[in-house]
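Engineer: Okay, here's the structure, questions in a sec.
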There are 6 protein chains.
Amino acid sequence: MPKSKFAKESLTINTEHVLPNDTNHIGNLFGGRLLQWMDITGAISAQRHCRRVCVTATVNNVSFKYPIKNNSIVTLEAKVSRAFNTSMEVFIDVFVEDQVTGVRTKCNEAIYTFVAIDQNGSPLPVPELVPETEEEQKRYDGALRRKQLALILAGRMKPDEAVELKSLFVHE
Amino acid sequence: MPKSKFAKESLTINTEHVLPNDTNHIGNLFGGRLLQWMDITGAISAQRHCRRVCVTATVNNVSFKYPIKNNSIVTLEAKVSRAFNTSMEVFIDVFVEDQVTGVRTKCNEAIYTFVAIDQNGSPLPVPELVPETEEEQKRYDGALRRKQLALILAGRMKPDEAVELKSLFVHE
Amino acid sequence: MPKSKFAKESLTINTEHVLPNDTNHIGNLFGGRLLQWMDITGAISAQRHCRRVCVTATVNNVSFKYPIKNNSIVTLEAKVSRAFNTSMEVFIDVFVEDQVTGVRTKCNEAIYTFVAIDQNGSPLPVPELVPETEEEQKRYDGALRRKQLALILAGRMKPDEAVELKSLFVHE
Amino acid sequence: MPKSKFAKESLTINTEHVLPNDTNHIGNLFGGRLLQWMDITGAISAQRHCRRVCVTATVNNVSFKYPIKNNSIVTLEAKVSRAFNTSMEVFIDVFVEDQVTGVRTKCNEAIYTFVAIDQNGSPLPVPELVPETEEEQKRYDGALRRKQLALILAGRMKPDEAVELKSLFVHE
Amino acid sequence: MPKSKFAKESLTINTEHVLPNDTNHIGNLFGGRLLQWMDITGAISAQRHCRRVCVTATVNNVSFKYPIKNNSIVTLEAKVSRAFNTSMEVFIDVFVEDQVTGVRTKCNEAIYTFVAIDQNGSPLPVPELVPETEEEQKRYDGALRRKQLALILAGRMKPDEAVELKSLFVHE
Amino acid sequence: MPKSKFAKESLTINTEHVLPNDTNHIGNLFGGRLLQWMDITGAISAQRHCRRVCVTATVNNVSFKYPIKNNSIVTLEAKVSRAFNTSMEVFIDVFVEDQVTGVRTKCNEAIYTFVAIDQNGSPLPVPELVPETEEEQKRYDGALRRKQLALILAGRMKPDEAVELKSLFVHE
């Protein structure tokens, strides 16, 4: 197993065509269907990073701001943003493109974490992630803060120990 | 439209049978499939509260702690935990039952928010939620803190304004 | 294995959202899709009664009286009505709810029988069923008559032996 | 609309390949999936008889005697057995074939009734059915008895009026 | 294994109902869905000829000349046209029928080849095909020319060796 | 509408995870499922070139040389290779990647043609395609020969008129 890998090595692209069964009766894509597509694309991205079977560990705050219409072409792009011991944080960016102009609009951004496991379901170590671009660096930096927040919300870390997160609230 | 409704009026139960196509190759349910089932069950629960078309607005932190095996019987129970002006927070509890003993184990708990919309996609007001049981009250109280956290993470609220959340970090 | 169980212990609830692919071109739910949903819900109910793998043995007369429209919320409720040596009769009640008023209308009632089997497909004994409510008692009583009718129709019982059923036709 | 049609004109054949998601965990086809396939094939057969949209009205006693294994080739053959004013009784015969010898075994026989409807869902008259072969004649004759039984079970006919059915029980 | 079989012994009929998810947004059946249906029907036909597991080897030129509308009844008829050592050429004819008149129109004709394989994926010999009708003979004769063309296009045969095909271009 | 576009502007990538229902019982991906995935990916590519609704016109010779196993990650990459008046030829390259080493192997190459249509299904003109890389140029050049071959096979061109194709057989 390599000691570290670049973010771009885990890039996974998925192009989906929104069909009638994917939409509610005012013709917009169901959130649940998009959550599933994001999970599939994100899991493949994590597997490309660590070359192991990966299972979904957590889904961070996902917002559905823009309705996506029936018959839209939706593109999902997933990339590992940071690797911890046995888990990987993955960003999934979702774009919809205008059929006539071809202009791509970002309509969603989700953060999932995945864990690499062996045949018994026990966690396995994964390579480190090396960010290259400015956006990759920014997402890499934010990953630690999000991990602390998740641990606090799960009651497995005390707020005082979450140094980076605490600084949002306490200005000394 | 009634001015308020009880949490139990929105209870929605869904029983799913995990099939081969729902599982990865070590035989565990995909996280993405569960996310979709939770979205469907939660959306019906929100619709039962407000009697309007509801769309998924956000998915809060979801953790997948326990693997669910192929052929499991999975029960999802969704109930509105709090209503704001046009949005509703919904808890979805997920149980798996032992085939032999019938013992039900809670294996997941997710929080989604849904928005009631009209035919043009504009938000509509929803009835207030009145909690009754102890657990309903606890979830009702926590909903405000989660809303503040979501607004901060989305950059639409300043940490200093999130009074309830701030108290986690600052002990005056 | 317990010697007997109550009907309510096998209650199984399933909530389905009717999508375009579930409907014919005047927008009504296909009978075949409902038959499948009823089978899934009924089989889980039978498994909850006997804690064994159950397979569909027979489908009794099912009538489709009320068309169910696209986008409806359909709720299926299944409960074992009587247990014989290795088979269980299950009632599946189907409700559709008005989206605006929330009023639930019963639109269907089906009776399936399931058999508990082992890994080789051989039938296994199941616990007795103890009815509690008036409706449970009425369905329990009718189960024997339905079983006799099925045996006659299959040519495995002589009409003269079907004492309870015969009384419908012969008034002595 | 023709005044009458032959049974063979409504023959509809469907060949299905049993896949993993169609089977329970001892590898047998779910009864509910077969019920759905029978409904689809039967409805097309009814439409071929009357050239109208047809909806499922009732499902008569269906028995699942022989388990059908994963990967089987299943052939469904549906033919109208008798036409009444606005409804048609359809027999659906189900065969499974041995992969090595090619020997076809009949593993199921189901009887559905369908109703022809207009755009508002109102029933429409259908052509009469003219049986030709010995089996077609036998099924044609039995259809009346089955109709009487269904009406009695639904409480819409008195047992004494069901002359043909009564003769099974009363030997004068 | 028999030394030879008739074309009619491999006849496989499949009847499909075009649903919303099978169509694009001007309401026509997707080519890809039809390709899949043709593959399933053709593979069963090949298996009926040789009684072995068959896998798709090639798809010949398929043209989609006539759009097939949502809600159409589509009938696929597949028959082996010629058998080579381990491969079989299969014709799949596709018909759509007018809902009102019942008139069947041929809307497609595809040619696939399948290979019989054992559990390790190695090719197995198959029986010869004996054409009977005039159309079967014509398709049998053309099969050799199509095989030569495929070999040339794949670079595995020199044009000069493709005697039958060459005669199309060279008039001596 | 632009007068011409580059091949790379139509690049469409799709990543699929092979599930149990996609495979036959020796665990290999069905050809029909891959044909459908190639059709979806190719159609989106054609739509990106012309910004119109596109329908499948023809499928050229497709060969399935390498079996793809259950649980494989399959990547499809589609790009327009040449545009004619109203039709576009699209190459779809299919890769499977080794789960452990990540090495990508090309396992398939298919050529589809699509036609741009208006709301009535009438063909619409499309922009020209400008090849840039060596491979794009080679595929662009071959497209004319393939078009001639298709026209001859369909009986709409005389072999003598297919100058480029004829040169394969006649060495003057």
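Every chain in the structure tokens has a letter given in the order shown (A, B, ...), and although residue numbers restart at 1 in each chain, ligands are simply numbered from 1 in the order shown.
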Give me the residues of chain C that have any atom at most 10 Å from an atom of chain E; for each, the nearest atom pair and the distance in Å, rounded to one decimal. Use only C-alpha atoms, sort by chain and number, and format it as a tab-separated table.
Structural biologist:
```
residue	atom	partner	partner_atom	distance
C:Leu19	CA	E:Pro20	CA	9.8
C:Pro20	CA	E:Pro20	CA	6.4
C:Asn21	CA	E:Pro20	CA	5.8
C:Asp22	CA	E:Leu19	CA	8.6
C:Thr23	CA	E:Leu19	CA	8.5
C:Asn24	CA	E:Asn71	CA	7.8
C:His25	CA	E:Asn71	CA	6.6
```
Engineer: Is it possible to get the superposed chain D, fitted on chain B over all Cα pairs by sequence order, as a PDB file with C-alpha atoms, in the first residue's frame?
Structural biologist:
```pdb
ATOM      1  CA  MET D   1     -55.129  24.065   8.487  1.00  0.00           C
ATOM      2  CA  PRO D   2     -54.937  23.179  12.185  1.00  0.00           C
ATOM      3  CA  LYS D   3     -52.797  25.522  14.293  1.00  0.00           C
ATOM      4  CA  SER D   4     -50.870  22.653  15.862  1.00  0.00           C
ATOM      5  CA  LYS D   5     -50.558  18.875  15.803  1.00  0.00           C
ATOM      6  CA  PHE D   6     -49.137  16.150  17.997  1.00  0.00           C
ATOM      7  CA  ALA D   7     -45.942  14.328  17.087  1.00  0.00           C
ATOM      8  CA  LYS D   8     -47.711  10.983  17.071  1.00  0.00           C
ATOM      9  CA  GLU D   9     -49.994  12.137  14.244  1.00  0.00           C
ATOM     10  CA  SER D  10     -47.030  12.092  11.876  1.00  0.00           C
ATOM     11  CA  LEU D  11     -45.753   8.622  12.816  1.00  0.00           C
ATOM     12  CA  THR D  12     -44.826   6.730   9.653  1.00  0.00           C
ATOM     13  CA  ILE D  13     -43.668   3.116   9.684  1.00  0.00           C
ATOM     14  CA  ASN D  14     -41.902   1.356   6.867  1.00  0.00           C
ATOM     15  CA  THR D  15     -40.753  -2.257   6.825  1.00  0.00           C
ATOM     16  CA  GLU D  16     -38.122  -3.241   4.278  1.00  0.00           C
ATOM     17  CA  HIS D  17     -36.581  -6.580   3.358  1.00  0.00           C
ATOM     18  CA  VAL D  18     -32.877  -6.295   2.469  1.00  0.00           C
ATOM     19  CA  LEU D  19     -32.275  -7.956  -0.926  1.00  0.00           C
ATOM     20  CA  PRO D  20     -29.013  -8.895  -2.718  1.00  0.00           C
ATOM     21  CA  ASN D  21     -28.992  -5.728  -4.834  1.00  0.00           C
ATOM     22  CA  ASP D  22     -29.138  -3.633  -1.663  1.00  0.00           C
ATOM     23  CA  THR D  23     -25.863  -5.037  -0.310  1.00  0.00           C
ATOM     24  CA  ASN D  24     -22.133  -4.761  -1.013  1.00  0.00           C
ATOM     25  CA  HIS D  25     -20.055  -7.851  -1.590  1.00  0.00           C
ATOM     26  CA  ILE D  26     -19.488  -8.628   2.052  1.00  0.00           C
ATOM     27  CA  GLY D  27     -23.269  -8.757   2.305  1.00  0.00           C
ATOM     28  CA  ASN D  28     -24.042  -5.508   4.168  1.00  0.00           C
ATOM     29  CA  LEU D  29     -26.755  -3.002   3.277  1.00  0.00           C
ATOM     30  CA  PHE D  30     -25.397   0.001   1.324  1.00  0.00           C
ATOM     31  CA  GLY D  31     -25.542   3.271   3.264  1.00  0.00           C
ATOM     32  CA  GLY D  32     -27.018   4.969   0.196  1.00  0.00           C
ATOM     33  CA  ARG D  33     -29.992   2.613   0.057  1.00  0.00           C
ATOM     34  CA  LEU D  34     -30.749   3.261   3.725  1.00  0.00           C
ATOM     35  CA  LEU D  35     -30.451   7.028   3.143  1.00  0.00           C
ATOM     36  CA  GLN D  36     -33.066   6.710   0.406  1.00  0.00           C
ATOM     37  CA  TRP D  37     -35.437   4.656   2.562  1.00  0.00           C
ATOM     38  CA  MET D  38     -35.037   7.173   5.400  1.00  0.00           C
ATOM     39  CA  ASP D  39     -35.792  10.034   3.004  1.00  0.00           C
ATOM     40  CA  ILE D  40     -38.982   8.380   1.698  1.00  0.00           C
ATOM     41  CA  THR D  41     -40.258   7.543   5.188  1.00  0.00           C
ATOM     42  CA  GLY D  42     -39.333  10.965   6.561  1.00  0.00           C
ATOM     43  CA  ALA D  43     -41.001  12.830   3.694  1.00  0.00           C
ATOM     44  CA  ILE D  44     -44.288  10.972   4.229  1.00  0.00           C
ATOM     45  CA  SER D  45     -44.085  11.810   7.932  1.00  0.00           C
ATOM     46  CA  ALA D  46     -43.624  15.511   7.136  1.00  0.00           C
ATOM     47  CA  GLN D  47     -46.558  15.365   4.688  1.00  0.00           C
ATOM     48  CA  ARG D  48     -48.725  13.809   7.376  1.00  0.00           C
ATOM     49  CA  HIS D  49     -47.901  16.742   9.649  1.00  0.00           C
ATOM     50  CA  CYS D  50     -48.653  19.554   7.196  1.00  0.00           C
ATOM     51  CA  ARG D  51     -50.774  17.887   4.457  1.00  0.00           C
ATOM     52  CA  ARG D  52     -48.662  19.545   1.754  1.00  0.00           C
ATOM     53  CA  VAL D  53     -46.072  18.355  -0.741  1.00  0.00           C
ATOM     54  CA  CYS D  54     -42.770  18.243   1.148  1.00  0.00           C
ATOM     55  CA  VAL D  55     -39.247  18.268  -0.235  1.00  0.00           C
ATOM     56  CA  THR D  56     -36.022  17.344   1.510  1.00  0.00           C
ATOM     57  CA  ALA D  57     -34.173  20.444   2.723  1.00  0.00           C
ATOM     58  CA  THR D  58     -31.243  19.052   4.713  1.00  0.00           C
ATOM     59  CA  VAL D  59     -29.815  15.818   6.044  1.00  0.00           C
ATOM     60  CA  ASN D  60     -28.109  16.165   9.399  1.00  0.00           C
ATOM     61  CA  ASN D  61     -25.252  14.047  10.636  1.00  0.00           C
ATOM     62  CA  VAL D  62     -26.139  10.390  10.026  1.00  0.00           C
ATOM     63  CA  SER D  63     -23.882   7.655  11.379  1.00  0.00           C
ATOM     64  CA  PHE D  64     -23.840   4.063  10.179  1.00  0.00           C
ATOM     65  CA  LYS D  65     -22.626   2.234  13.235  1.00  0.00           C
ATOM     66  CA  TYR D  66     -23.958  -1.282  12.800  1.00  0.00           C
ATOM     67  CA  PRO D  67     -23.765  -3.224   9.558  1.00  0.00           C
ATOM     68  CA  ILE D  68     -27.152  -4.568   8.442  1.00  0.00           C
ATOM     69  CA  LYS D  69     -26.964  -7.986   6.784  1.00  0.00           C
ATOM     70  CA  ASN D  70     -28.581  -9.250   3.594  1.00  0.00           C
ATOM     71  CA  ASN D  71     -32.103 -10.656   4.226  1.00  0.00           C
ATOM     72  CA  SER D  72     -32.623  -8.555   7.349  1.00  0.00           C
ATOM     73  CA  ILE D  73     -36.009  -7.096   8.151  1.00  0.00           C
ATOM     74  CA  VAL D  74     -35.484  -3.361   8.658  1.00  0.00           C
ATOM     75  CA  THR D  75     -38.139  -1.143  10.247  1.00  0.00           C
ATOM     76  CA  LEU D  76     -38.027   2.632   9.857  1.00  0.00           C
ATOM     77  CA  GLU D  77     -40.095   4.849  12.135  1.00  0.00           C
ATOM     78  CA  ALA D  78     -40.299   8.562  11.372  1.00  0.00           C
ATOM     79  CA  LYS D  79     -41.923  11.320  13.435  1.00  0.00           C
ATOM     80  CA  VAL D  80     -41.797  15.107  13.203  1.00  0.00           C
ATOM     81  CA  SER D  81     -39.724  16.421  16.135  1.00  0.00           C
ATOM     82  CA  ARG D  82     -40.315  20.157  15.659  1.00  0.00           C
ATOM     83  CA  ALA D  83     -41.934  22.498  13.171  1.00  0.00           C
ATOM     84  CA  PHE D  84     -40.569  25.915  12.284  1.00  0.00           C
ATOM     85  CA  ASN D  85     -42.267  28.428   9.959  1.00  0.00           C
ATOM     86  CA  THR D  86     -42.127  26.425   6.746  1.00  0.00           C
ATOM     87  CA  SER D  87     -39.827  23.557   7.689  1.00  0.00           C
ATOM     88  CA  MET D  88     -40.101  20.447   9.812  1.00  0.00           C
ATOM     89  CA  GLU D  89     -37.365  18.466  11.528  1.00  0.00           C
ATOM     90  CA  VAL D  90     -38.022  14.704  11.347  1.00  0.00           C
ATOM     91  CA  PHE D  91     -36.332  11.926  13.349  1.00  0.00           C
ATOM     92  CA  ILE D  92     -36.053   8.572  11.625  1.00  0.00           C
ATOM     93  CA  ASP D  93     -35.233   5.628  13.882  1.00  0.00           C
ATOM     94  CA  VAL D  94     -34.067   2.444  12.200  1.00  0.00           C
ATOM     95  CA  PHE D  95     -34.432  -0.988  13.772  1.00  0.00           C
ATOM     96  CA  VAL D  96     -33.310  -4.410  12.684  1.00  0.00           C
ATOM     97  CA  GLU D  97     -34.871  -7.505  14.219  1.00  0.00           C
ATOM     98  CA  ASP D  98     -33.274 -10.813  15.023  1.00  0.00           C
ATOM     99  CA  GLN D  99     -34.953 -13.437  12.846  1.00  0.00           C
ATOM    100  CA  VAL D 100     -34.942 -16.096  15.559  1.00  0.00           C
ATOM    101  CA  THR D 101     -35.621 -14.224  18.783  1.00  0.00           C
ATOM    102  CA  GLY D 102     -37.491 -11.303  17.242  1.00  0.00           C
ATOM    103  CA  VAL D 103     -35.488  -8.899  19.423  1.00  0.00           C
ATOM    104  CA  ARG D 104     -35.474  -5.462  17.845  1.00  0.00           C
ATOM    105  CA  THR D 105     -32.184  -3.528  17.912  1.00  0.00           C
ATOM    106  CA  LYS D 106     -31.937   0.142  17.075  1.00  0.00           C
ATOM    107  CA  CYS D 107     -29.185   0.448  14.507  1.00  0.00           C
ATOM    108  CA  ASN D 108     -29.562   3.991  13.270  1.00  0.00           C
ATOM    109  CA  GLU D 109     -30.996   7.390  13.980  1.00  0.00           C
ATOM    110  CA  ALA D 110     -31.170  10.124  11.391  1.00  0.00           C
ATOM    111  CA  ILE D 111     -32.431  13.688  11.334  1.00  0.00           C
ATOM    112  CA  TYR D 112     -33.764  15.200   8.121  1.00  0.00           C
ATOM    113  CA  THR D 113     -35.543  18.500   7.564  1.00  0.00           C
ATOM    114  CA  PHE D 114     -38.302  18.945   5.008  1.00  0.00           C
ATOM    115  CA  VAL D 115     -39.982  22.050   3.610  1.00  0.00           C
ATOM    116  CA  ALA D 116     -43.652  22.309   2.592  1.00  0.00           C
ATOM    117  CA  ILE D 117     -44.050  23.844  -0.867  1.00  0.00           C
ATOM    118  CA  ASP D 118     -46.795  24.908  -3.249  1.00  0.00           C
ATOM    119  CA  GLN D 119     -47.067  24.098  -6.967  1.00  0.00           C
ATOM    120  CA  ASN D 120     -44.448  26.743  -7.805  1.00  0.00           C
ATOM    121  CA  GLY D 121     -42.015  25.454  -5.242  1.00  0.00           C
ATOM    122  CA  SER D 122     -42.540  28.368  -2.837  1.00  0.00           C
ATOM    123  CA  PRO D 123     -42.463  27.518   0.895  1.00  0.00           C
ATOM    124  CA  LEU D 124     -45.745  27.284   2.785  1.00  0.00           C
ATOM    125  CA  PRO D 125     -46.423  27.715   6.526  1.00  0.00           C
ATOM    126  CA  VAL D 126     -46.883  24.519   8.551  1.00  0.00           C
ATOM    127  CA  PRO D 127     -48.698  23.779  11.854  1.00  0.00           C
ATOM    128  CA  GLU D 128     -46.734  23.894  15.088  1.00  0.00           C
ATOM    129  CA  LEU D 129     -45.689  20.616  16.690  1.00  0.00           C
ATOM    130  CA  VAL D 130     -46.733  19.742  20.214  1.00  0.00           C
ATOM    131  CA  PRO D 131     -44.461  17.169  21.889  1.00  0.00           C
ATOM    132  CA  GLU D 132     -46.051  14.809  24.439  1.00  0.00           C
ATOM    133  CA  THR D 133     -43.661  12.091  25.598  1.00  0.00           C
ATOM    134  CA  GLU D 134     -40.344  12.712  27.324  1.00  0.00           C
ATOM    135  CA  GLU D 135     -38.392  11.677  24.217  1.00  0.00           C
ATOM    136  CA  GLU D 136     -40.507  13.926  21.983  1.00  0.00           C
ATOM    137  CA  GLN D 137     -39.813  16.842  24.342  1.00  0.00           C
ATOM    138  CA  LYS D 138     -36.067  16.162  24.341  1.00  0.00           C
ATOM    139  CA  ARG D 139     -35.943  16.019  20.546  1.00  0.00           C
ATOM    140  CA  TYR D 140     -38.090  19.154  20.325  1.00  0.00           C
ATOM    141  CA  ASP D 141     -35.669  21.047  22.567  1.00  0.00           C
ATOM    142  CA  GLY D 142     -32.588  19.906  20.647  1.00  0.00           C
ATOM    143  CA  ALA D 143     -34.072  20.973  17.310  1.00  0.00           C
ATOM    144  CA  LEU D 144     -33.346  24.664  17.900  1.00  0.00           C
ATOM    145  CA  ARG D 145     -29.694  23.966  18.702  1.00  0.00           C
ATOM    146  CA  ARG D 146     -29.363  21.880  15.536  1.00  0.00           C
ATOM    147  CA  LYS D 147     -30.965  24.626  13.486  1.00  0.00           C
ATOM    148  CA  GLN D 148     -28.479  27.180  14.817  1.00  0.00           C
ATOM    149  CA  LEU D 149     -25.585  24.860  14.049  1.00  0.00           C
ATOM    150  CA  ALA D 150     -26.813  24.370  10.490  1.00  0.00           C
ATOM    151  CA  LEU D 151     -27.156  28.119   9.973  1.00  0.00           C
ATOM    152  CA  ILE D 152     -23.622  28.721  11.280  1.00  0.00           C
ATOM    153  CA  LEU D 153     -22.162  25.968   9.099  1.00  0.00           C
ATOM    154  CA  ALA D 154     -23.973  27.495   6.118  1.00  0.00           C
ATOM    155  CA  GLY D 155     -22.567  30.920   7.046  1.00  0.00           C
ATOM    156  CA  ARG D 156     -26.005  32.418   7.593  1.00  0.00           C
ATOM    157  CA  MET D 157     -25.701  32.992  11.369  1.00  0.00           C
ATOM    158  CA  LYS D 158     -22.845  34.373  13.441  1.00  0.00           C
ATOM    159  CA  PRO D 159     -21.579  31.999  16.191  1.00  0.00           C
ATOM    160  CA  ASP D 160     -22.186  34.696  18.819  1.00  0.00           C
ATOM    161  CA  GLU D 161     -25.884  34.749  17.974  1.00  0.00           C
ATOM    162  CA  ALA D 162     -26.267  31.002  18.490  1.00  0.00           C
ATOM    163  CA  VAL D 163     -26.886  31.380  22.192  1.00  0.00           C
ATOM    164  CA  GLU D 164     -27.941  27.848  22.946  1.00  0.00           C
ATOM    165  CA  LEU D 165     -25.152  26.239  20.965  1.00  0.00           C
ATOM    166  CA  LYS D 166     -22.501  28.607  22.315  1.00  0.00           C
ATOM    167  CA  SER D 167     -23.195  27.420  25.845  1.00  0.00           C
ATOM    168  CA  LEU D 168     -21.653  24.070  24.898  1.00  0.00           C
ATOM    169  CA  PHE D 169     -18.299  25.740  24.478  1.00  0.00           C
ATOM    170  CA  VAL D 170     -18.357  28.725  26.795  1.00  0.00           C
ATOM    171  CA  HIS D 171     -18.876  28.173  30.525  1.00  0.00           C
ATOM    172  CA  GLU D 172     -19.528  31.507  32.149  1.00  0.00           C
TER     173      GLU D 172
END
```
Engineer: Mind checking DSSP for chain D and telling me the helix (DSSP H, G or I) residues as a ChimeraX atom specification?
Structural biologist: /D:7-10,20-22,31-50,134-153,159-161,163-166
